[in-house]
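Here's my_file-v1.pdb, which has PDB, C-alpha atoms, pLDDT in the B column:
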ATOM      1  CA  MET A1291      18.797  -9.243  -2.394  1.00 52.00           C
ATOM      2  CA  ARG A1292      19.681  -5.739  -3.687  1.00 54.00           C
ATOM      3  CA  GLU A1293      22.511  -7.204  -5.822  1.00 58.00           C
ATOM      4  CA  ALA A1294      20.181  -9.666  -7.519  1.00 52.00           C
ATOM      5  CA  LEU A1295      17.566  -6.985  -8.087  1.00 53.00           C
ATOM      6  CA  GLY A1296      20.134  -4.596  -9.516  1.00 54.00           C
ATOM      7  CA  LYS A1297      20.912  -7.141 -12.222  1.00 58.00           C
ATOM      8  CA  LEU A1298      17.382  -6.737 -13.548  1.00 54.00           C
ATOM      9  CA  LEU A1299      18.478  -3.445 -15.045  1.00 60.00           C
ATOM     10  CA  ASP A1300      21.140  -5.217 -17.111  1.00 65.00           C
ATOM     11  CA  LEU A1301      18.779  -7.749 -18.695  1.00 64.00           C
ATOM     12  CA  ASN A1302      18.541  -7.772 -22.460  1.00 73.00           C
ATOM     13  CA  VAL A1303      14.865  -8.708 -22.736  1.00 74.00           C
ATOM     14  CA  GLY A1304      11.857  -7.492 -24.677  1.00 78.00           C
ATOM     15  CA  PRO A1305       8.860  -5.684 -23.192  1.00 79.00           C
ATOM     16  CA  LEU A1306       7.159  -8.873 -21.977  1.00 83.00           C
ATOM     17  CA  GLY A1307      10.370 -10.110 -20.358  1.00 82.00           C
ATOM     18  CA  TYR A1308      10.836  -6.755 -18.659  1.00 78.00           C
ATOM     19  CA  TYR A1309       7.212  -6.739 -17.494  1.00 79.00           C
ATOM     20  CA  ASN A1310       7.640 -10.207 -15.990  1.00 82.00           C
ATOM     21  CA  ALA A1311      10.910  -9.128 -14.331  1.00 79.00           C
ATOM     22  CA  VAL A1312       9.146  -6.086 -12.790  1.00 79.00           C
ATOM     23  CA  LEU A1313       6.376  -8.358 -11.453  1.00 82.00           C
ATOM     24  CA  LEU A1314       8.986 -10.658  -9.943  1.00 83.00           C
ATOM     25  CA  LEU A1315      10.852  -7.709  -8.432  1.00 78.00           C
ATOM     26  CA  ASN A1316       7.654  -6.439  -6.821  1.00 78.00           C
ATOM     27  CA  ASP A1317       6.786  -9.869  -5.458  1.00 82.00           C
ATOM     28  CA  LEU A1318      10.286 -10.173  -3.951  1.00 82.00           C
ATOM     29  CA  LEU A1319      10.117  -6.715  -2.403  1.00 77.00           C
ATOM     30  CA  ARG A1320       6.658  -7.358  -0.974  1.00 78.00           C
ATOM     31  CA  GLU A1321       7.703 -10.732   0.477  1.00 81.00           C
ATOM     32  CA  ASP A1322      10.814  -9.126   1.982  1.00 79.00           C
ATOM     33  CA  PHE A1323       8.698  -6.406   3.551  1.00 76.00           C
ATOM     34  CA  LYS A1324       6.202  -8.966   4.897  1.00 78.00           C
ATOM     35  CA  LYS A1325       9.077 -10.671   6.733  1.00 79.00           C
ATOM     36  CA  LYS A1326      10.124  -7.349   8.232  1.00 75.00           C
ATOM     37  CA  LEU A1327       6.535  -6.624   9.206  1.00 74.00           C
ATOM     38  CA  LEU A1328       6.785  -9.617  11.510  1.00 70.00           C
ATOM     39  CA  LEU A1329       9.165  -7.508  13.631  1.00 75.00           C
ATOM     40  CA  VAL A1330       6.406  -5.001  14.387  1.00 78.00           C
ATOM     41  CA  PRO A1331       5.099  -5.505  17.937  1.00 81.00           C
ATOM     42  CA  ASN A1332       1.914  -7.599  18.052  1.00 81.00           C
ATOM     43  CA  LYS A1333       0.079  -4.857  19.955  1.00 82.00           C
ATOM     44  CA  ILE A1334       0.644  -2.498  17.014  1.00 81.00           C
ATOM     45  CA  LYS A1335      -0.028  -5.109  14.293  1.00 80.00           C
ATOM     46  CA  SER A1336      -3.327  -6.065  15.901  1.00 83.00           C
ATOM     47  CA  MET A1337      -4.582  -2.482  15.553  1.00 85.00           C
ATOM     48  CA  ALA A1338      -4.342  -2.226  11.784  1.00 85.00           C
ATOM     49  CA  THR A1339      -4.452  -3.851   8.385  1.00 86.00           C
ATOM     50  CA  PHE A1340      -1.381  -3.090   6.262  1.00 86.00           C
ATOM     51  CA  ILE A1341      -1.736  -2.661   2.488  1.00 87.00           C
ATOM     52  CA  VAL A1342       0.231  -1.345  -0.473  1.00 85.00           C
ATOM     53  CA  PRO A1343      -1.950   0.775  -2.779  1.00 85.00           C
ATOM     54  CA  GLY A1344      -1.970   1.842  -6.394  1.00 79.00           C
ATOM     55  CA  SER A1345       1.056   1.083  -8.562  1.00 77.00           C
ATOM     56  CA  ASP A1346       2.712  -0.871  -5.737  1.00 75.00           C
ATOM     57  CA  GLY A1347      -0.471  -2.928  -5.464  1.00 73.00           C
ATOM     58  CA  ARG A1348      -0.538  -3.443  -9.231  1.00 73.00           C
ATOM     59  CA  ARG A1349       3.087  -4.578  -8.948  1.00 74.00           C
ATOM     60  CA  GLU A1350       4.301  -1.865 -11.335  1.00 73.00           C
ATOM     61  CA  ASN A1351       7.104  -0.461  -9.203  1.00 69.00           C
ATOM     62  CA  GLY A1352       9.981  -0.826 -11.641  1.00 62.00           C
ATOM     63  CA  SER A1353      12.910   0.073  -9.435  1.00 62.00           C
ATOM     64  CA  PRO A1354      14.262  -1.245  -6.165  1.00 57.00           C
ATOM     65  CA  MET A1355      15.166   2.380  -5.420  1.00 62.00           C
ATOM     66  CA  SER A1356      11.543   3.561  -5.603  1.00 70.00           C
ATOM     67  CA  LYS A1357       9.977   4.077  -2.187  1.00 76.00           C
ATOM     68  CA  TRP A1358       6.952   2.058  -1.107  1.00 78.00           C
ATOM     69  CA  GLU A1359       3.725   3.628   0.018  1.00 83.00           C
ATOM     70  CA  ILE A1360       1.927   1.802   2.801  1.00 84.00           C
ATOM     71  CA  ILE A1361      -1.559   2.429   4.094  1.00 87.00           C
ATOM     72  CA  THR A1362      -2.589   1.217   7.505  1.00 86.00           C
ATOM     73  CA  ILE A1363      -6.281   0.907   8.155  1.00 88.00           C
ATOM     74  CA  LEU A1364      -7.123   1.271  11.837  1.00 87.00           C
ATOM     75  CA  GLU A1365     -10.144  -0.699  12.984  1.00 84.00           C
ATOM     76  CA  ASP A1366     -10.606   1.456  16.077  1.00 86.00           C
ATOM     77  CA  PRO A1367     -10.080   5.224  15.638  1.00 82.00           C
ATOM     78  CA  ASN A1368      -9.317   5.410  19.378  1.00 87.00           C
ATOM     79  CA  ASN A1369      -5.956   3.798  18.582  1.00 87.00           C
ATOM     80  CA  LEU A1370      -4.919   6.627  16.247  1.00 87.00           C
ATOM     81  CA  GLU A1371      -2.715   8.453  18.742  1.00 87.00           C
ATOM     82  CA  LEU A1372      -0.854   5.325  19.897  1.00 87.00           C
ATOM     83  CA  PHE A1373      -0.386   4.064  16.334  1.00 86.00           C
ATOM     84  CA  SER A1374       0.770   7.496  15.114  1.00 87.00           C
ATOM     85  CA  GLU A1375       3.351   7.628  17.889  1.00 86.00           C
ATOM     86  CA  TYR A1376       4.668   4.216  16.852  1.00 84.00           C
ATOM     87  CA  VAL A1377       4.945   5.332  13.213  1.00 83.00           C
ATOM     88  CA  LYS A1378       6.809   8.501  14.233  1.00 82.00           C
ATOM     89  CA  SER A1379       9.202   6.558  16.449  1.00 82.00           C
ATOM     90  CA  SER A1380       9.913   3.970  13.754  1.00 79.00           C
ATOM     91  CA  ARG A1381      10.122   6.377  10.763  1.00 77.00           C
ATOM     92  CA  ASP A1382      13.913   5.952  10.357  1.00 77.00           C
ATOM     93  CA  SER A1383      13.766   2.163  10.337  1.00 76.00           C
ATOM     94  CA  MET A1384      10.821   2.287   7.920  1.00 75.00           C
ATOM     95  CA  LEU A1385      12.843   4.459   5.532  1.00 75.00           C
ATOM     96  CA  LYS A1386      15.633   1.859   5.620  1.00 74.00           C
ATOM     97  CA  LEU A1387      13.073  -0.764   4.594  1.00 71.00           C
ATOM     98  CA  GLY A1388      12.209   1.275   1.499  1.00 74.00           C
ATOM     99  CA  VAL A1389       9.011   2.849   2.828  1.00 78.00           C
ATOM    100  CA  GLY A1390       8.537   6.417   1.652  1.00 79.00           C
ATOM    101  CA  ASP A1391       5.129   7.151   3.108  1.00 81.00           C
ATOM    102  CA  ILE A1392       2.864   5.593   5.702  1.00 83.00           C
ATOM    103  CA  GLU A1393      -0.701   6.790   5.530  1.00 86.00           C
ATOM    104  CA  ILE A1394      -2.940   6.060   8.499  1.00 88.00           C
ATOM    105  CA  ARG A1395      -6.673   5.792   7.901  1.00 88.00           C
ATOM    106  CA  ALA A1396      -9.651   4.925  10.029  1.00 87.00           C
ATOM    107  CA  GLU A1397     -11.626   1.968   8.736  1.00 87.00           C
ATOM    108  CA  ASP A1398     -14.743   4.117   8.442  1.00 87.00           C
ATOM    109  CA  ALA A1399     -13.000   6.827   6.345  1.00 89.00           C
ATOM    110  CA  PRO A1400     -13.767   7.039   2.607  1.00 90.00           C
ATOM    111  CA  PHE A1401     -11.402   4.962   0.453  1.00 91.00           C
ATOM    112  CA  SER A1402     -12.109   6.656  -2.874  1.00 90.00           C
ATOM    113  CA  PHE A1403     -10.246   9.891  -2.049  1.00 89.00           C
ATOM    114  CA  TYR A1404      -6.477  10.415  -2.002  1.00 88.00           C
ATOM    115  CA  LYS A1405      -5.463  10.712   1.660  1.00 87.00           C
ATOM    116  CA  GLY A1406      -9.066  11.564   2.521  1.00 85.00           C
ATOM    117  CA  ASN A1407      -9.089  14.691   0.322  1.00 88.00           C
ATOM    118  CA  PRO A1408     -12.473  14.779  -1.495  1.00 86.00           C
ATOM    119  CA  SER A1409     -11.054  16.999  -4.246  1.00 86.00           C
ATOM    120  CA  ILE A1410      -8.682  14.189  -5.357  1.00 88.00           C
ATOM    121  CA  VAL A1411     -10.664  11.117  -6.402  1.00 88.00           C
ATOM    122  CA  GLN A1412      -8.415   8.044  -6.769  1.00 88.00           C
ATOM    123  CA  PRO A1413     -10.387   4.844  -6.142  1.00 89.00           C
ATOM    124  CA  GLY A1414      -7.653   2.797  -7.846  1.00 88.00           C
ATOM    125  CA  ARG A1415      -5.368   3.251  -4.844  1.00 88.00           C
ATOM    126  CA  PHE A1416      -7.585   0.911  -2.833  1.00 89.00           C
ATOM    127  CA  GLY A1417      -9.037  -0.991  -5.772  1.00 90.00           C
ATOM    128  CA  ASP A1418      -5.556  -2.157  -6.775  1.00 89.00           C
ATOM    129  CA  ALA A1419      -4.251  -2.637  -3.224  1.00 90.00           C
ATOM    130  CA  LEU A1420      -2.506  -5.784  -2.030  1.00 87.00           C
ATOM    131  CA  SER A1421      -2.350  -7.010   1.538  1.00 88.00           C
ATOM    132  CA  LEU A1422       0.976  -6.944   3.342  1.00 83.00           C
ATOM    133  CA  ASP A1423      -0.165  -8.682   6.479  1.00 78.00           C
ATOM    134  CA  GLY A1424      -2.057 -11.569   4.911  1.00 67.00           C
ATOM    135  CA  ASN A1425      -5.472 -10.283   5.960  1.00 78.00           C
ATOM    136  CA  GLU A1426      -7.147 -10.912   2.597  1.00 85.00           C
ATOM    137  CA  GLU A1427     -10.620 -11.024   4.151  1.00 88.00           C
ATOM    138  CA  LYS A1428     -10.217  -7.507   5.549  1.00 86.00           C
ATOM    139  CA  LEU A1429      -8.872  -6.270   2.196  1.00 89.00           C
ATOM    140  CA  THR A1430     -11.875  -7.787   0.390  1.00 92.00           C
ATOM    141  CA  LEU A1431     -14.246  -6.000   2.781  1.00 92.00           C
ATOM    142  CA  MET A1432     -12.412  -2.710   2.127  1.00 90.00           C
ATOM    143  CA  LYS A1433     -12.727  -3.192  -1.632  1.00 92.00           C
ATOM    144  CA  LYS A1434     -16.454  -3.921  -1.298  1.00 94.00           C
ATOM    145  CA  LYS A1435     -16.820  -0.726   0.741  1.00 93.00           C
ATOM    146  CA  LEU A1436     -14.940   1.131  -1.999  1.00 92.00           C
ATOM    147  CA  GLY A1437     -17.317  -0.278  -4.622  1.00 92.00           C
ATOM    148  CA  LYS A1438     -20.299   1.019  -2.654  1.00 93.00           C
ATOM    149  CA  GLU A1439     -18.635   4.446  -2.382  1.00 91.00           C
ATOM    150  CA  ILE A1440     -18.003   4.589  -6.128  1.00 89.00           C
ATOM    151  CA  LYS A1441     -21.651   3.774  -6.894  1.00 89.00           C
ATOM    152  CA  VAL A1442     -22.845   6.876  -5.050  1.00 89.00           C
ATOM    153  CA  LEU A1443     -20.139   9.348  -6.091  1.00 86.00           C
ATOM    154  CA  PRO A1444     -21.729  12.491  -7.538  1.00 81.00           C
ATOM    155  CA  ASN A1445     -21.079  13.232 -11.218  1.00 75.00           C
ATOM    156  CA  ASP A1446     -18.742  16.131 -10.428  1.00 73.00           C
ATOM    157  CA  LYS A1447     -16.502  13.709  -8.463  1.00 67.00           C
ATOM    158  CA  ILE A1448     -16.620  11.014 -11.161  1.00 70.00           C
ATOM    159  CA  SER A1449     -15.264  13.492 -13.718  1.00 66.00           C
ATOM    160  CA  LYS A1450     -12.244  14.025 -11.430  1.00 64.00           C
ATOM    161  CA  VAL A1451     -11.288  10.354 -11.152  1.00 68.00           C
ATOM    162  CA  LYS A1452      -7.549   9.877 -11.710  1.00 61.00           C
TER
END
This entry written out as structure tokens:
Amino acid sequence: MREALGKLLDLNVGPLGYYNAVLLLNDLLREDFKKKLLLVPNKIKSMATFIVPGSDGRRENGSPMSKWEIITILEDPNNLELFSEYVKSSRDSMLKLGVGDIEIRAEDAPFSFYKGNPSIVQPGRFGDALSLDGNEEKLTLMKKKLGKEIKVLPNDKISKVK
């Protein structure tokens, strides 16, 4: 797959052709990662919803060399320690899959802040997210929760939206 993707760089196309090629590249990368996600033990998969946020979710990642960011949303915060241990133990194999960062969040944590930091307001990370595990219903619920959060953000936070 890397050979075929590398040829995208050699295309002689206009901006729209390049844009479409980037979308295709992102779809291929996401589908490839979904297949590899099937290798994750069911016990671990059942604990979380896996998404790609922001520019990966908008399918703007223009290079097969760019690392993916993945966010896992844990339904039960009591599973945090076990899930964190799994992520630590599988970090090397995740890096080989093209994953640069795995953020772990509790389902009840705010989605409008970057990595839970209230001084960095980035609702687009979740607003633009795509599901990796096919749980579209869960992703829709997360986006509705995000919408409710945005409605009640104080003015000083709204001015910091990135």
Exercise. How many Å separate CA of Asp1423 (chain A) from CA of Thr1339 (chain A)?
Worked result: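 Interatomic distance, CA of Asp1423 (chain A) to CA of Thr1339 (chain A): 6.7 Å.
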Problem set entry | Minimum-distance residue to Gly1437 (chain A), chosen among A:Trp1358, A:Phe1340, A:Phe1416, A:Tyr1308 (using only C-alpha atoms) | A:Phe1416
Exercise. With all atoms listed in the file as the atoms that count, which of A:Leu1429, A:Leu1422, A:Ile1341, A:Leu1372 lies nearest to Glu1393 (chain A)?
Worked result: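 Answer, going by the shortest atom-to-atom distance: A:Ile1341.
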Exercise. What residues come out when you apply the PyMOL selection byres ((chain A and resi 1359) around 6) to this file, written as a list of chain:residue names?
Worked result: A:Trp1358, A:Ile1360, A:Gly1390, A:Asp1391
For this session: Would you mind listing what lies within 12 Å of Pro1400 (chain A) as a VMD selection string, with all atoms listed in the file counted and same-chain residues fewer than 2 positions away left out?
Result: chain A and resid 1363 1395 to 1398 1402 to 1408 1410 to 1413 1415 to 1416 1432 to 1440 1442 to 1443
